[in-house]
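Colleague: Here it is, the structure in full.
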Amino acid sequence: MRIPRLFLGKPPIVGTQSSGMEVLAGAPDWAKVFTAAERPDLWSSSQGRFHHLWPEYNHHGNHSGRYFGALFPKHAERQILIVDDRVDEVVARGRTIPFRWEGSLEDLPRGIDATGLRAVDEEAPPTALSALAAEVLTDYQGRGLSGVLIDAMAAVARRSGLRPLVAPVRPSLKDRYPLIPIDRYVRWRRGDGLPFDPWLRVHARRGGSILRPESESMEITRSISDWEGWVGMPFPDDGDYVFPGGLAPLTANEGVGHYWEPNVWVLHDL
């Protein structure tokens, strides 16, 4: 099946820094890009720095621990670190995983869980690279580092011979519209034709194109007491609930909370 292109942007020009990592035009002078293989010391020391960027429930996926836990050291050369060279500290991080994909929509996994599980369970050599997370510390947001992370992931994919780069994107404003299905939300546009969602716009400007939305990308099924602690609100009866930080409703049933996080597949055709 031919892959549709719902939006396209122009990819930026890249150069090379001393570490061998390609760097995007527009990166701040103090921003140095490394892989975790090049700076394992910084990868290890920075693990707790990004926890607060995600809603607490996002750290408790049914399956996410398996594939996020497989990234280092096995795939250290494909994990991105952006370092503020003035203080030698990691201020942004990109996590990726190689997986096998034949390039068709039919073979595209059903979201981040399916991608990660295919990556750790599939014995055949990988053919593509999937982004898993792009994280920028709060004090450094708004400086273009999220785009630099995308560009660095693309550089890693090219250098590894893994093409294309795909990303199961977590839309940054979807939590404000939890009752709108992801397949409707993804089609919202601004007057200039770019996506309504800011994070999708970053990908569009980096040359990304939407492949499809996924309504069931990451599964989080835990006790209602766990959910109440994570989101700070009670769920006193069975039913569907919107909650702080949720991209879709939580279904409470007999003491268990069932939640599927939606994502949007974006392709960077390198």
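Note on naming: chains are A, B, ... as they come in the structure tokens, residues start from 1 per chain, ligands start from 1 in the order shown.
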Could you pull out the strand (DSSP E) residues of segment 138-228 of chain A, going by DSSP on the backbone, and write them as a list in words?

Modeller: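 Answer for segment 138-228 of chain A, restricted to strand (DSSP E): Leu165, Val166, Ala167, Pro168, Val169, Ser209, Ile210, Leu211, Arg212, Pro213, Glu214, Ser215, Glu216, Ser217, Met218, Glu219, Ile220, Thr221, Arg222 and Ser223 of chain A.
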
Colleague: Give me the residues within 8 Å of Arg100 of chain A as an MDAnalysis selection string, counting only C-alpha atoms and dropping any in the same chain fewer than 5 places off.

Modeller: chainID A and resid 118:119 122 124:128

Colleague: A:Glu106, A:Asp151, A:Glu135, A:Glu123: which is nearest Trp54 of chain A, counting only C-alpha atoms?

Modeller: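 Counting only C-alpha atoms, the residue closest to Trp54 of chain A is A:Glu135.
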
Colleague: Residues near His63 of chain A, anyone? I mean within 10 Å using only C-alpha atoms, not counting same-chain ones fewer than 6 positions away, as a list in words.

Modeller: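 My reading of the contact set: Ile112, Asp113, Ala114, Gly116, Leu117, Met218, Glu219 and Ile220 of chain A.
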
Colleague: Write the residues you've just listed into a file as a CSV table (one decimal), in the first residue's frame, and include C-alpha atoms for each of them.

Modeller:
```csv
chain,number,residue,atom,x,y,z
A,112,ILE,CA,4.8,2.4,20.5
A,113,ASP,CA,4.1,-0.8,22.5
A,114,ALA,CA,3.9,-2.9,19.4
A,116,GLY,CA,9.1,-1.7,21.1
A,117,LEU,CA,8.0,-5.3,21.6
A,218,MET,CA,0.6,2.5,24.9
A,219,GLU,CA,-1.4,0.3,27.3
A,220,ILE,CA,-1.6,1.2,31.0
```

Colleague: Taking 2 positions as the minimum chain separation for residues in the same chain, which residues sit within 10 Å of segment 211-217 of chain A when counting only C-alpha atoms? Answer as number ranges by chain.

Modeller: A: 3-7, 105, 108-115, 166-170, 181-187, 208-209, 219-220, 247-248, 259-267

Colleague: Measuring between only C-alpha atoms, which one of A:Arg93, A:Lys74, A:Arg86, A:Arg66 shows the shortest distance to Pro28 of chain A?

Modeller: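 The shortest atom-to-atom distance to Pro28 of chain A comes from A:Arg86.
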
Colleague: Could you name the residues that touch segment 37-40 of chain A at 10 Å or less, counting only C-alpha atoms, but leaving out those on the same chain fewer than 2 positions away, as a VMD selection string?

Modeller: chain A and resid 19 to 21 33 to 35 42 to 46 72 to 81

Colleague: Env of Glu254 of chain A: 12 Å cut, atoms = only C-alpha atoms, seq-sep filter 2 positions within chain, self excluded. Answer as a ChimeraX atom specification.

Modeller: /A:222-225,235-239,251-252,256-258

Colleague: Name the residues of segment 104-210 of chain A that come out as alpha helix (DSSP H) in a backbone DSSP run; write them as number ranges by chain.

Modeller: A: 112-121, 145-160, 182-185, 198-205

Colleague: Would you save the residues from that selection as a PDB file, in the first residue's frame, using C-alpha atoms?

Modeller:
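As written to disk, out_19.pdb reads:
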```pdb
ATOM      1  CA  ILE A 112       4.784   2.445  20.503  1.00  0.00           C
ATOM      2  CA  ASP A 113       4.149  -0.751  22.508  1.00  0.00           C
ATOM      3  CA  ALA A 114       3.929  -2.898  19.390  1.00  0.00           C
ATOM      4  CA  THR A 115       7.059  -1.282  17.962  1.00  0.00           C
ATOM      5  CA  GLY A 116       9.089  -1.745  21.109  1.00  0.00           C
ATOM      6  CA  LEU A 117       7.996  -5.342  21.572  1.00  0.00           C
ATOM      7  CA  ARG A 118       8.772  -6.150  17.945  1.00  0.00           C
ATOM      8  CA  ALA A 119      12.210  -4.597  18.406  1.00  0.00           C
ATOM      9  CA  VAL A 120      13.091  -6.720  21.432  1.00  0.00           C
ATOM     10  CA  ASP A 121      11.435  -9.948  20.248  1.00  0.00           C
ATOM     11  CA  LEU A 145      16.316  21.740  20.971  1.00  0.00           C
ATOM     12  CA  SER A 146      13.356  19.498  20.171  1.00  0.00           C
ATOM     13  CA  GLY A 147      14.046  20.024  16.479  1.00  0.00           C
ATOM     14  CA  VAL A 148      17.739  19.354  17.038  1.00  0.00           C
ATOM     15  CA  LEU A 149      16.802  16.033  18.665  1.00  0.00           C
ATOM     16  CA  ILE A 150      14.775  15.016  15.607  1.00  0.00           C
ATOM     17  CA  ASP A 151      17.653  15.947  13.322  1.00  0.00           C
ATOM     18  CA  ALA A 152      20.116  14.019  15.481  1.00  0.00           C
ATOM     19  CA  MET A 153      17.882  10.942  15.433  1.00  0.00           C
ATOM     20  CA  ALA A 154      17.754  11.206  11.640  1.00  0.00           C
ATOM     21  CA  ALA A 155      21.558  11.447  11.554  1.00  0.00           C
ATOM     22  CA  VAL A 156      21.854   8.311  13.696  1.00  0.00           C
ATOM     23  CA  ALA A 157      19.436   6.482  11.407  1.00  0.00           C
ATOM     24  CA  ARG A 158      21.467   7.426   8.337  1.00  0.00           C
ATOM     25  CA  ARG A 159      24.747   6.513   9.977  1.00  0.00           C
ATOM     26  CA  SER A 160      23.330   3.132  11.056  1.00  0.00           C
ATOM     27  CA  ILE A 182      -7.044  11.052  17.781  1.00  0.00           C
ATOM     28  CA  ASP A 183      -7.995  10.516  14.123  1.00  0.00           C
ATOM     29  CA  ARG A 184      -9.950  13.802  14.214  1.00  0.00           C
ATOM     30  CA  TYR A 185      -7.394  15.697  16.273  1.00  0.00           C
ATOM     31  CA  PRO A 198       2.863  22.183  18.287  1.00  0.00           C
ATOM     32  CA  TRP A 199       4.864  18.944  18.492  1.00  0.00           C
ATOM     33  CA  LEU A 200       3.473  17.735  15.179  1.00  0.00           C
ATOM     34  CA  ARG A 201       4.429  21.125  13.703  1.00  0.00           C
ATOM     35  CA  VAL A 202       8.036  20.604  14.812  1.00  0.00           C
ATOM     36  CA  HIS A 203       8.100  17.300  12.941  1.00  0.00           C
ATOM     37  CA  ALA A 204       6.451  18.864   9.884  1.00  0.00           C
ATOM     38  CA  ARG A 205       9.074  21.593   9.711  1.00  0.00           C
TER      39      ARG A 205
END
```
